[in-house]
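Structure file model_19.cif (mmCIF, C-alpha atoms and all ligand atoms) follows.
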```
data_my_file
#
loop_
_atom_site.label_atom_id
_atom_site.label_comp_id
_atom_site.auth_asym_id
_atom_site.auth_seq_id
_atom_site.Cartn_x
_atom_site.Cartn_y
_atom_site.Cartn_z
CA MET A 1 136.08 174.85 1.67
CA LYS A 2 133.54 172.44 0.09
CA ILE A 3 130.84 170.71 2.08
CA SER A 4 132.24 167.37 0.89
CA ASP A 5 135.53 168.27 2.68
CA LEU A 6 133.80 168.08 6.06
CA ASN A 7 134.37 164.92 8.00
CA LEU A 8 130.74 164.43 8.97
CA PRO A 9 129.54 161.35 10.86
CA ALA A 10 127.40 158.81 8.96
CA HIS A 11 124.20 159.82 10.81
CA VAL A 12 124.45 163.31 9.24
CA THR A 13 122.81 163.54 5.80
CA VAL A 14 124.01 166.32 3.53
CA CYS A 15 121.72 167.92 0.94
CA ALA A 16 123.80 170.52 -0.91
CA PHE A 17 122.45 172.77 -3.67
CA ASP A 18 123.97 175.12 -6.24
CA SER A 19 121.59 177.93 -5.35
CA ARG A 20 119.44 179.10 -2.45
CA GLU A 21 116.41 178.96 -4.76
CA ALA A 22 116.97 175.25 -5.42
CA LEU A 23 117.45 174.64 -1.69
CA THR A 24 114.22 176.48 -0.88
CA ASP A 25 112.20 174.50 -3.44
CA ASN A 26 113.58 171.18 -2.32
CA LEU A 27 113.29 171.79 1.41
CA SER A 28 109.79 173.20 1.10
CA THR A 29 108.70 170.07 -0.79
CA LEU A 30 110.24 167.82 1.88
CA LEU A 31 108.51 169.74 4.69
CA GLN A 32 105.17 169.64 2.90
CA HIS A 33 105.53 165.88 2.41
CA ARG A 34 106.52 165.20 6.04
CA LEU A 35 103.74 167.39 7.44
CA LEU A 36 101.21 165.67 5.18
CA GLN A 37 102.44 162.26 6.32
CA ALA A 38 102.09 163.23 9.99
CA ILE A 39 98.57 164.55 9.42
CA GLU A 40 97.60 161.33 7.60
CA ASN A 41 99.07 159.17 10.37
CA ARG A 42 97.97 161.07 13.48
CA GLY A 43 95.57 163.74 12.36
CA ARG A 44 98.02 166.51 13.31
CA ALA A 45 101.58 167.72 12.76
CA SER A 46 104.08 169.98 14.54
CA LEU A 47 106.84 172.17 13.17
CA ALA A 48 109.41 174.18 15.17
CA VAL A 49 111.32 176.74 13.10
CA SER A 50 114.26 179.08 13.58
CA GLY A 51 114.30 182.82 13.09
CA GLY A 52 117.15 184.92 11.74
CA SER A 53 117.64 185.78 8.08
CA THR A 54 118.21 182.35 6.48
CA PRO A 55 114.67 180.90 6.56
CA VAL A 56 112.80 183.88 5.02
CA PRO A 57 112.51 182.50 1.42
CA LEU A 58 111.63 179.06 2.81
CA PHE A 59 108.84 180.55 4.94
CA GLN A 60 107.46 182.45 1.95
CA LYS A 61 107.39 179.32 -0.20
CA LEU A 62 106.01 177.04 2.51
CA SER A 63 103.18 179.45 3.33
CA HIS A 64 101.62 178.50 -0.05
CA ALA A 65 101.82 174.74 0.54
CA GLU A 66 98.60 172.81 0.03
CA LEU A 67 98.15 171.30 3.45
CA ALA A 68 95.48 171.01 6.12
CA TRP A 69 97.23 173.87 7.95
CA GLU A 70 94.54 173.88 10.64
CA SER A 71 96.05 170.54 11.73
CA VAL A 72 99.58 171.95 11.94
CA THR A 73 101.03 173.46 15.12
CA VAL A 74 103.89 175.86 14.48
CA THR A 75 106.30 177.22 17.07
CA LEU A 76 109.75 178.79 17.18
CA VAL A 77 112.93 177.16 18.43
CA ASP A 78 113.81 180.54 19.97
CA ASP A 79 112.79 184.16 20.19
CA ARG A 80 114.36 187.43 21.17
CA TRP A 81 112.67 189.28 24.01
CA ILE A 82 111.47 192.24 21.98
CA SER A 83 108.09 193.28 20.67
CA PRO A 84 106.95 191.50 17.46
CA ASP A 85 106.81 194.97 15.86
CA GLU A 86 110.60 195.21 15.98
CA SER A 87 112.52 194.01 12.93
CA ASP A 88 114.70 191.56 14.91
CA SER A 89 111.72 189.69 16.38
CA ASN A 90 111.45 186.06 15.30
CA ASP A 91 107.73 186.17 16.15
CA GLY A 92 107.30 189.16 13.83
CA LEU A 93 109.33 187.39 11.12
CA LEU A 94 107.09 184.34 11.34
CA HIS A 95 103.91 186.38 11.09
CA THR A 96 105.26 188.35 8.11
CA HIS A 97 106.62 185.41 6.09
CA LEU A 98 105.23 182.04 7.22
CA LEU A 99 101.83 182.57 8.86
CA GLN A 100 100.50 184.00 5.59
CA ASN A 101 98.55 182.71 2.57
CA ARG A 102 97.38 179.11 3.22
CA ALA A 103 99.43 178.90 6.44
CA THR A 104 97.32 181.54 8.21
CA GLU A 105 95.20 178.57 9.31
CA ALA A 106 98.08 177.03 11.32
CA HIS A 107 97.88 176.89 15.11
CA TYR A 108 100.77 179.02 16.39
CA ILE A 109 102.36 178.74 19.83
CA PRO A 110 104.37 181.91 20.48
CA LEU A 111 107.32 182.06 22.87
CA TRP A 112 107.30 185.85 23.27
CA GLN A 113 104.65 187.32 25.53
CA PRO A 114 103.91 190.94 26.38
CA ASP A 115 104.32 192.39 29.87
CA SER A 116 106.94 189.96 31.07
CA SER A 117 110.66 189.29 31.19
CA ALA A 118 111.98 186.14 29.52
CA GLU A 119 112.67 184.63 32.97
CA ALA A 120 109.15 185.38 34.20
CA ALA A 121 107.62 183.91 31.02
CA VAL A 122 109.41 180.54 31.10
CA ASP A 123 106.77 178.70 33.17
CA ARG A 124 103.94 179.93 30.96
CA CYS A 125 105.93 178.99 27.83
CA ASN A 126 106.53 175.51 29.19
CA THR A 127 102.80 175.14 29.83
CA ARG A 128 101.94 176.26 26.30
CA LEU A 129 104.56 174.02 24.70
CA ALA A 130 103.22 171.02 26.63
CA ALA A 131 100.26 171.15 24.21
CA ILE A 132 102.63 169.46 21.72
CA ASP A 133 102.66 166.01 23.28
CA GLY A 134 105.26 163.54 22.07
CA PRO A 135 108.02 164.27 19.58
CA LEU A 136 107.94 167.35 17.37
CA ASP A 137 107.48 166.17 13.77
CA ILE A 138 110.04 168.59 12.35
CA VAL A 139 112.65 170.89 13.89
CA ILE A 140 114.49 173.35 11.64
CA LEU A 141 117.64 174.72 13.20
CA GLY A 142 119.83 177.60 12.08
CA MET A 143 123.38 178.31 13.20
CA GLY A 144 125.33 181.44 14.05
CA ASN A 145 129.05 181.71 13.35
CA ASP A 146 129.76 181.42 17.09
CA GLY A 147 128.25 177.91 16.93
CA HIS A 148 124.96 178.87 18.57
CA THR A 149 121.76 177.23 17.47
CA ALA A 150 118.27 178.19 18.59
CA SER A 151 119.31 180.61 21.39
CA LEU A 152 121.80 178.19 22.92
CA PHE A 153 124.77 180.55 23.02
CA PRO A 154 128.29 179.50 24.02
CA CYS A 155 128.72 182.84 25.80
CA SER A 156 125.66 182.60 28.04
CA SER A 157 125.87 181.64 31.70
CA GLU A 158 122.64 179.63 31.27
CA LEU A 159 124.12 177.20 28.71
CA GLU A 160 125.24 174.53 31.15
CA ALA A 161 121.80 174.41 32.81
CA ALA A 162 120.08 174.46 29.39
CA LEU A 163 122.13 171.48 28.20
CA ALA A 164 121.08 169.53 31.31
CA SER A 165 117.46 170.71 31.47
CA ASN A 166 114.44 168.43 31.00
CA ALA A 167 112.12 171.41 30.57
CA ASP A 168 110.87 172.50 27.13
CA CYS A 169 112.36 176.00 27.24
CA VAL A 170 114.77 178.24 29.12
CA ALA A 171 115.52 181.96 29.40
CA VAL A 172 118.92 182.98 28.03
CA ASN A 173 120.95 186.20 28.29
CA PRO A 174 123.71 186.12 25.65
CA THR A 175 126.62 188.48 26.20
CA THR A 176 127.83 188.54 22.57
CA ALA A 177 124.42 188.97 20.91
CA PRO A 178 121.62 191.41 21.57
CA TYR A 179 118.43 190.80 23.59
CA ALA A 180 117.37 188.41 26.29
CA ARG A 181 115.79 185.34 24.70
CA ILE A 182 113.78 182.21 25.21
CA SER A 183 115.08 179.02 23.67
CA LEU A 184 113.78 175.51 23.38
CA THR A 185 116.12 173.19 25.26
CA PRO A 186 118.24 170.47 23.65
CA ALA A 187 115.97 167.94 25.37
CA ARG A 188 112.89 169.35 23.58
CA LEU A 189 114.65 169.85 20.26
CA LEU A 190 116.07 166.34 20.23
CA ASN A 191 112.66 164.90 21.06
CA SER A 192 111.70 165.13 17.39
CA GLU A 193 111.17 162.90 14.37
CA LEU A 194 113.20 164.94 11.89
CA ARG A 195 115.87 167.56 12.50
CA ILE A 196 117.16 169.81 9.74
CA LEU A 197 120.05 172.27 9.92
CA HIS A 198 119.34 174.97 7.33
CA ILE A 199 122.42 177.06 6.55
CA CYS A 200 123.68 179.12 3.62
CA GLY A 201 127.09 180.55 2.74
CA ASN A 202 130.72 179.43 2.90
CA ASP A 203 131.19 181.03 6.31
CA LYS A 204 128.75 178.50 7.78
CA LEU A 205 130.87 175.64 6.41
CA GLU A 206 133.88 177.03 8.28
CA THR A 207 131.76 177.18 11.43
CA LEU A 208 130.57 173.60 10.95
CA SER A 209 134.14 172.48 10.46
CA ARG A 210 135.14 174.05 13.80
CA ALA A 211 132.09 172.56 15.51
CA LEU A 212 133.08 169.06 14.46
CA THR A 213 136.23 169.27 16.59
CA SER A 214 134.59 171.17 19.48
CA GLN A 215 132.42 170.31 22.46
CA PRO A 216 128.74 171.39 22.79
CA GLU A 217 129.75 173.69 25.69
CA SER A 218 131.85 175.80 23.30
CA MET A 219 129.79 175.27 20.12
CA PRO A 220 126.24 174.15 21.00
CA ILE A 221 125.46 173.08 17.40
CA LYS A 222 127.86 170.17 18.03
CA LEU A 223 125.26 168.50 20.24
CA PHE A 224 122.88 168.21 17.28
CA LEU A 225 125.63 166.85 15.03
CA GLN A 226 125.97 163.97 17.51
CA HIS A 227 122.41 162.84 16.57
CA PRO A 228 120.74 162.13 13.22
CA ILE A 229 120.21 165.37 11.32
CA MET A 230 119.90 166.54 7.71
CA ILE A 231 122.01 169.51 6.65
CA TYR A 232 120.50 171.67 3.90
CA TRP A 233 123.19 173.96 2.54
CA ALA A 234 123.65 176.31 -0.43
CA PRO A 235 126.41 178.85 -1.14
O1 LIG A 301 119.83 184.69 16.64
C1 LIG A 301 119.51 183.84 15.84
O2 LIG A 301 120.39 183.43 14.89
C2 LIG A 301 120.32 182.14 14.30
C3 LIG A 301 121.05 182.21 12.95
O3 LIG A 301 120.48 183.26 12.17
P1 LIG A 301 120.86 183.58 10.65
O4 LIG A 301 120.49 185.03 10.48
O5 LIG A 301 122.32 183.32 10.47
O6 LIG A 301 120.01 182.71 9.79
C4 LIG A 301 118.89 181.65 14.17
O7 LIG A 301 118.89 180.31 13.80
C5 LIG A 301 118.13 181.86 15.48
O8 LIG A 301 116.78 181.39 15.39
C6 LIG A 301 118.12 183.33 15.77
O9 LIG A 301 117.36 183.69 16.93
#
```
Could I get this file's structure written as structure tokens?
Amino acid sequence: MKISDLNLPAHVTVCAFDSREALTDNLSTLLQHRLLQAIENRGRASLAVSGGSTPVPLFQKLSHAELAWESVTVTLVDDRWISPDESDSNDGLLHTHLLQNRATEAHYIPLWQPDSSAEAAVDRCNTRLAAIDGPLDIVILGMGNDGHTASLFPCSSELEAALASNADCVAVNPTTAPYARISLTPARLLNSELRILHICGNDKLETLSRALTSQPESMPIKLFLQHPIMIYWAP
């Protein structure tokens, strides 16, 4: 399947690259430009990023960007409820690959907290996230091959409530993926100036294709395809 075979709505912009390196360079430049613009316009910028394996090279590149990082607030769109020392932690991933080099100056709002379950941490997370008033400048989403994005999993009993929630984040217990999690809600993710779906590999095109003919309740990524979004894809 080619990305051009997908019957995407007009509000979805496709940026396809021949290599992951080219995607990383291009997306990093776009993010730098948009963060700079936000800082020039409002004196500050906000960026919510995904975890998982896909964004690692992007994080490494972006961490060197010449920006007033002290004016940038960074958070995650989701995290797994495990210690940042563990290799599957999105918080740990962010510290290892993004909050490095020039980006060490960024203001980071973590979702994971010690000494608490995801459920018990939700109120505190909502309070912390309220520090980002107004729309997020940039949201970078990933996508699993079950159609999940952030930690909005089709298998989880919390999905229906998450789709309807006006809060910033929710606790989620997926049954087909490991770990309890905290996820930003669709309401918070859609309250953003720029949304980017960052995916690599032909398997993700197959997943996108299925999502286009599905409902958000069975493939949550579909919800974000119903709103303006840029898809950055490479094989
Ligand atoms: O569990 C998660 O998976 C998705 C996709 O990850 P990837 O390894 O296929 O890039 C990710 O977007 C999400 O943040 C993460 O918690």
List as a list in words the protein and nucleic acid residues lying within 7 Å of ligand LIG 301 (chain A), with all atoms listed in the file counted.
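I would give the residues around ligand LIG 301 (chain A) as Ser50, Gly51, Gly52, Ser53, Thr54, Pro55, Val77, Asp78, Asp79, Arg80, Asn90, Leu141, Gly142, Met143, Gly144, Thr149, Ala150, Ser151 and Ile199 of chain A.
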Give me the residues within 7 Å of Asn173 in chain A as a compact mmCIF listing (two decimals) with C-alpha atoms, keeping the file's coordinate frame, counting all atoms listed in the file and dropping any in the same chain fewer than 6 places off.
```txt
# COMPACT_ATOMS: atom_id res chain seq x y z
CA SER A 156 125.66 182.60 28.04
CA ALA A 180 117.37 188.41 26.29
CA ARG A 181 115.79 185.34 24.70
```
With only C-alpha atoms as the atoms that count, which of A:Val72, A:Cys200, A:Leu159, A:Ile39 lies nearest to Thr185 in chain A?
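Closest to Thr185 in chain A, using only C-alpha atoms: A:Leu159.
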What's around Leu47 in chain A at 8 Å? Count all atoms listed in the file, leave out sequence neighbours fewer than 3 positions away in its own chain, and write the answer as a PDB file with C-alpha atoms, in the coordinates of the input.
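The resulting file, around11.pdb, is reproduced below:
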```pdb
ATOM      1  CA  VAL A  72      99.580 171.950  11.940  1.00  0.00           C
ATOM      2  CA  THR A  73     101.030 173.460  15.120  1.00  0.00           C
ATOM      3  CA  VAL A  74     103.890 175.860  14.480  1.00  0.00           C
ATOM      4  CA  THR A  75     106.300 177.220  17.070  1.00  0.00           C
ATOM      5  CA  LEU A 136     107.940 167.350  17.370  1.00  0.00           C
ATOM      6  CA  ASP A 137     107.480 166.170  13.770  1.00  0.00           C
ATOM      7  CA  ILE A 138     110.040 168.590  12.350  1.00  0.00           C
ATOM      8  CA  VAL A 139     112.650 170.890  13.890  1.00  0.00           C
ATOM      9  CA  ILE A 140     114.490 173.350  11.640  1.00  0.00           C
TER      10      ILE A 140
END
```
I need the residue nearest Ser83 in chain A from this list: A:Tyr179, A:Arg128, A:Ala16, A:Lys61. Use all atoms listed in the file for the distance.
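Closest residue, counting all atoms listed in the file: A:Tyr179.
Omitting range 122-125 of chain A and its sequence neighbours fewer than 4 positions away, and counting all atoms listed in the file, the residues within 8 Å are Leu111, Ala118, Leu129, Cys169, Val170, Ala171 and Ile182 of chain A.
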Measuring atom to atom with all atoms listed in the file, identify which of A:Pro220, A:Ser214, A:Leu35, A:Glu206 is nearest to Lys2 in chain A.
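Closest to Lys2 in chain A of all the choices is A:Glu206.
Among A:Gly134, A:Leu225, A:Leu67, A:Phe59, the residue with the shortest atom-to-atom distance to Leu99 in chain A, counting all atoms listed in the file, is A:Phe59.
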Have a look at CA of Glu160 in chain A and CA of Pro216 in chain A and let me know their distance in Å, one decimal.
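We find that CA of Glu160 in chain A and CA of Pro216 in chain A lie 9.6 Å from each other.
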